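Dropping entry24.txt in here (compact mmCIF, C-alpha atoms and all ligand atoms):
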```txt
# COMPACT_ATOMS: atom_id res chain seq x y z
CA MET L 1 241.28 135.43 26.61
CA ALA L 2 244.69 136.02 25.06
CA ARG L 3 244.90 136.22 21.27
CA GLN L 4 246.98 133.35 19.95
CA ILE L 5 249.11 134.21 16.92
CA LEU L 6 251.39 131.91 14.94
CA VAL L 7 254.43 133.61 13.38
CA LEU L 8 255.38 131.19 10.64
CA ASN L 9 258.52 131.47 8.51
CA GLY L 10 259.42 129.53 5.42
CA PRO L 11 262.58 128.52 3.57
CA ASN L 12 265.92 130.22 4.14
CA LEU L 13 264.55 132.55 6.81
CA ASN L 14 266.51 130.55 9.41
CA LEU L 15 269.56 132.20 7.82
CA LEU L 16 268.43 135.77 8.52
CA GLY L 17 271.29 137.87 9.81
CA THR L 18 273.80 136.32 7.46
CA ARG L 19 271.64 135.88 4.36
CA GLU L 20 271.91 138.85 1.96
CA PRO L 21 271.84 141.39 4.82
CA ASP L 22 271.60 144.26 2.34
CA VAL L 23 268.19 142.86 1.30
CA TYR L 24 266.93 141.24 4.50
CA GLY L 25 268.72 143.14 7.29
CA ALA L 26 271.25 142.19 9.95
CA ASP L 27 268.84 140.79 12.54
CA THR L 28 268.53 137.06 13.05
CA LEU L 29 265.12 135.42 13.13
CA ASP L 30 265.53 134.99 16.91
CA ASP L 31 266.26 138.74 17.25
CA ILE L 32 263.10 139.55 15.30
CA LEU L 33 260.97 137.12 17.32
CA ALA L 34 262.32 138.54 20.61
CA GLU L 35 261.43 142.06 19.47
CA LEU L 36 257.95 140.93 18.45
CA ARG L 37 257.39 139.32 21.85
CA ALA L 38 258.59 142.49 23.60
CA GLY L 39 256.25 144.52 21.36
CA VAL L 40 253.15 142.56 22.40
CA ALA L 41 254.08 142.34 26.09
CA GLY L 42 251.14 143.47 28.19
CA ARG L 43 248.71 143.26 25.25
CA ASP L 44 247.22 139.86 26.12
CA VAL L 45 248.72 138.25 23.02
CA GLU L 46 250.54 134.93 22.86
CA LEU L 47 252.99 134.49 19.99
CA ARG L 48 254.09 131.04 18.96
CA ASP L 49 256.65 130.67 16.21
CA ALA L 50 257.75 128.05 13.74
CA GLN L 51 260.17 127.98 10.82
CA SER L 52 260.67 125.30 8.22
CA ASN L 53 262.50 124.93 4.96
CA SER L 54 260.02 122.27 3.90
CA GLU L 55 256.73 122.99 2.17
CA GLY L 56 255.04 119.98 3.80
CA GLU L 57 256.00 121.08 7.30
CA LEU L 58 254.65 124.56 6.64
CA ILE L 59 251.38 122.98 5.49
CA ASN L 60 251.30 120.86 8.66
CA ALA L 61 251.91 123.95 10.79
CA LEU L 62 248.94 125.69 9.14
CA HIS L 63 246.74 122.62 9.68
CA ASP L 64 247.82 122.47 13.33
CA ALA L 65 247.15 126.21 13.78
CA ARG L 66 243.46 125.51 13.04
CA THR L 67 243.24 123.86 16.45
CA TRP L 68 244.62 126.73 18.55
CA ALA L 69 245.45 129.95 16.69
CA ASP L 70 243.35 133.04 16.05
CA GLY L 71 245.52 134.07 13.11
CA VAL L 72 248.84 133.65 11.37
CA VAL L 73 251.62 136.03 10.30
CA PHE L 74 253.31 134.11 7.52
CA ASN L 75 256.49 134.82 5.61
CA PRO L 76 256.43 131.97 3.06
CA GLY L 77 259.79 132.95 1.49
CA ALA L 78 260.12 131.79 -2.10
CA TYR L 79 257.11 129.45 -1.75
CA THR L 80 255.07 132.65 -2.03
CA HIS L 81 255.72 132.62 -5.74
CA THR L 82 255.27 128.91 -6.44
CA SER L 83 253.12 127.02 -3.98
CA ILE L 84 249.55 126.11 -4.84
CA ALA L 85 249.73 123.59 -1.97
CA LEU L 86 250.34 126.38 0.56
CA ARG L 87 247.55 128.42 -0.99
CA ASP L 88 245.18 125.49 -0.52
CA ALA L 89 246.37 125.04 3.08
CA ILE L 90 245.68 128.71 3.84
CA SER L 91 242.18 128.38 2.36
CA ALA L 92 241.60 125.14 4.24
CA CYS L 93 242.69 126.43 7.64
CA GLU L 94 240.04 129.20 7.56
CA LEU L 95 242.22 131.46 9.69
CA PRO L 96 243.15 135.05 8.87
CA VAL L 97 246.68 134.88 7.44
CA VAL L 98 248.84 137.94 6.76
CA GLU L 99 251.40 137.37 4.00
CA THR L 100 254.52 139.10 5.25
CA HIS L 101 257.80 139.96 3.53
CA LEU L 102 260.88 141.75 4.75
CA SER L 103 261.63 143.09 1.27
CA ASN L 104 259.35 144.85 -1.21
CA VAL L 105 258.92 141.94 -3.60
CA HIS L 106 257.41 144.26 -6.25
CA ALA L 107 260.64 146.25 -6.43
CA ARG L 108 262.68 143.11 -7.12
CA GLU L 109 262.93 140.49 -9.87
CA GLU L 110 259.85 139.92 -11.98
CA PHE L 111 259.37 136.35 -10.70
CA ARG L 112 258.78 137.79 -7.22
CA HIS L 113 255.92 139.99 -8.44
CA THR L 114 253.50 137.05 -8.48
CA SER L 115 252.11 135.59 -5.28
CA MET L 116 250.17 132.35 -5.27
CA LEU L 117 248.98 133.22 -1.77
CA SER L 118 247.88 136.88 -1.58
CA ALA L 119 244.37 136.20 -2.90
CA VAL L 120 243.55 133.88 0.00
CA CYS L 121 245.23 136.01 2.68
CA LEU L 122 243.64 138.68 4.85
CA GLY L 123 246.34 141.14 3.78
CA VAL L 124 249.91 141.56 2.62
CA VAL L 125 252.76 143.52 4.24
CA GLY L 126 256.22 143.93 2.73
CA GLY L 127 259.13 146.25 2.31
CA PHE L 128 259.60 147.38 5.92
CA GLY L 129 262.35 144.95 6.88
CA LYS L 130 261.79 143.44 10.32
CA HIS L 131 259.04 146.00 10.95
CA SER L 132 256.88 144.17 8.38
CA TYR L 133 256.22 141.55 11.07
CA SER L 134 255.07 144.00 13.74
CA ILE L 135 252.91 145.84 11.20
CA ALA L 136 251.37 142.49 10.20
CA ILE L 137 250.67 141.62 13.86
CA ASP L 138 249.05 145.01 14.48
CA GLY L 139 246.87 144.60 11.38
CA LEU L 140 245.90 141.08 12.37
CA LEU L 141 245.00 142.14 15.94
CA ALA L 142 242.95 145.09 14.65
CA HIS L 143 241.10 142.68 12.37
CA LEU L 144 240.45 140.21 15.19
CA ASP L 145 239.02 143.07 17.29
CA THR L 146 236.36 143.63 14.65
CA LEU L 147 235.08 140.04 14.85
C1 LIG K 1 260.84 137.15 1.17
C2 LIG K 1 260.75 137.51 -0.31
C3 LIG K 1 260.80 136.26 -1.17
O1 LIG K 1 260.74 136.61 -2.55
C4 LIG K 1 262.11 135.51 -0.93
O2 LIG K 1 262.13 134.32 -1.69
C5 LIG K 1 262.35 135.25 0.51
C6 LIG K 1 262.06 136.30 1.48
C7 LIG K 1 260.93 138.42 2.06
O3 LIG K 1 260.75 138.29 3.26
O4 LIG K 1 261.22 139.51 1.56
O5 LIG K 1 262.86 134.20 0.88
O6 LIG K 1 259.66 136.46 1.55
```

Can the structure from this file be put into structure tokens for me?
Ligand code: DQA
Amino acid sequence: MARQILVLNGPNLNLLGTREPDVYGADTLDDILAELRAGVAGRDVELRDAQSNSEGELINALHDARTWADGVVFNPGAYTHTSIALRDAISACELPVVETHLSNVHAREEFRHTSMLSAVCLGVVGGFGKHSYSIAIDGLLAHLDTL
């Protein structure tokens, strides 16, 4: 049966392509998602995607993923650094979640060095631009193969 993966993106990531391209790259979120889908073609993987600027909607998406997904690749944007509610949602959904960042948050401002979420995630990928997402998917699929 196909692996079902949710690619979930948080606040401001809808602006990729125009948002600080020197930090986040020139690709739009749609470009990145199209590349991810092309990358898993023929691998019996179904990618669904969602983006929201609202913390509550991201929590709802994680709750909903419990009912269908095998795992989640999640770029929580700035909520990474602030959201205990998202941390609790990740714990509650009992799915493997890979915290994913385009930029290397540890090479940036101090407030980005703390993640509320990493401790309840399967793993963390960051610093590889759009490739962070494909690396996260590969890691998640490798993990699912061990179950
Ligand atoms: C980000 C890093 C966060 O610190 C920032 O708030 C974002 C994007 C990244 O993908 O590098 O919105 O998650």

For stretch 33-47 of chain L, find every residue with an atom within 6 Å (counting only C-alpha atoms), except residues of its own chain fewer than 2 positions away, and show them as number ranges by chain.
L: 2-6, 30-31

Just write the chosen residues, C-alpha atoms, as an mmCIF file, in the frame of the given file.
```cif
data_model
loop_
_atom_site.group_PDB
_atom_site.id
_atom_site.type_symbol
_atom_site.label_atom_id
_atom_site.label_comp_id
_atom_site.auth_asym_id
_atom_site.auth_seq_id
_atom_site.Cartn_x
_atom_site.Cartn_y
_atom_site.Cartn_z
ATOM 1 C CA ALA L 2 244.690 136.020 25.060
ATOM 2 C CA ARG L 3 244.900 136.220 21.270
ATOM 3 C CA GLN L 4 246.980 133.350 19.950
ATOM 4 C CA ILE L 5 249.110 134.210 16.920
ATOM 5 C CA LEU L 6 251.390 131.910 14.940
ATOM 6 C CA ASP L 30 265.530 134.990 16.910
ATOM 7 C CA ASP L 31 266.260 138.740 17.250
#
```

Throw together the list of residues within 9 Å of ligand LIG 1 (chain K), counting all atoms listed in the file, and drop it here as an MDAnalysis selection string.
chainID L and resid 9:13 23:24 75:81 99:105 108:109 111:113 126:127 129:130 132

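Atom CA of L:Cys121 is positioned 17.4 Å from atom CA of L:Asn60.
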
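Atom pair atom CA of L:Leu29 / atom CA of L:Leu16: separated by 5.7 Å.
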
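Between L:Pro96 and the residues L:Met116, L:Ala69, L:Ile59, L:Leu8, the shortest atom-to-atom distance, using all atoms listed in the file, involves L:Ala69.
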
Would you mind reading off the distance between atom CA of L:Leu95 and atom CA of L:Tyr133, one decimal, in Å?
17.3 Å

Closest to L:Thr114 among L:Ile32, L:Ser83, L:Leu58, L:Val97, using all atoms listed in the file?
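Residue with the minimum atom-to-atom distance to L:Thr114: L:Ser83.
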
Please determine the residues with any atom at most 7 Å from (245.3, 142.2, 5.8) (coordinates as given in the file, with all atoms listed in the file counting) and report them as a list of chain:residue names.
L:Val98, L:Cys121, L:Leu122, L:Gly123, L:Val124, L:Gly139, L:Leu140

Residue nearest L:Ile137 - candidates L:Arg19, L:Ser115, L:Val125, L:Met1, atoms counted: only C-alpha atoms
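Of L:Arg19, L:Ser115, L:Val125, L:Met1, the one nearest L:Ile137 is L:Val125, counting only C-alpha atoms.
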
Pick the closest to L:Ser134 from L:Leu147, L:Gly25, L:Val73, L:Val120: which is it, counting only C-alpha atoms?
L:Val73

Counting all atoms listed in the file, figure out which residue out of L:Ala65, L:Gly71, L:Ile84, L:Ile90 gets nearest to L:Asp145.
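Closest to L:Asp145 of all the choices is L:Gly71.
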
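For the choices L:His143, L:Arg66, L:His106, L:His131, the atom-to-atom distance to L:Ser91 is smallest for L:Arg66 when using all atoms listed in the file.
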
To box stretch 49-60 of chain L, take all atoms listed in the file, fit an axis-aligned box, add 3 Å on each side, and give centre and edge lengths in Å to one decimal, as lines of an AutoDock Vina configuration file.
```
center_x = 256.9
center_y = 125.3
center_z = 9.2
size_x = 17.2
size_y = 16.7
size_z = 20.0
```

Counting only C-alpha atoms, what is within 8 Å of L:Asn14, bar same-chain residues fewer than 4 positions away, as a PDB file with C-alpha atoms, in the coordinates of the input?
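Here's the written file result.pdb:
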```
ATOM      1  CA  THR L  28     268.530 137.060  13.050  1.00  0.00           C
ATOM      2  CA  LEU L  29     265.120 135.420  13.130  1.00  0.00           C
ATOM      3  CA  GLN L  51     260.170 127.980  10.820  1.00  0.00           C
ATOM      4  CA  SER L  52     260.670 125.300   8.220  1.00  0.00           C
TER       5      SER L  52
END
```
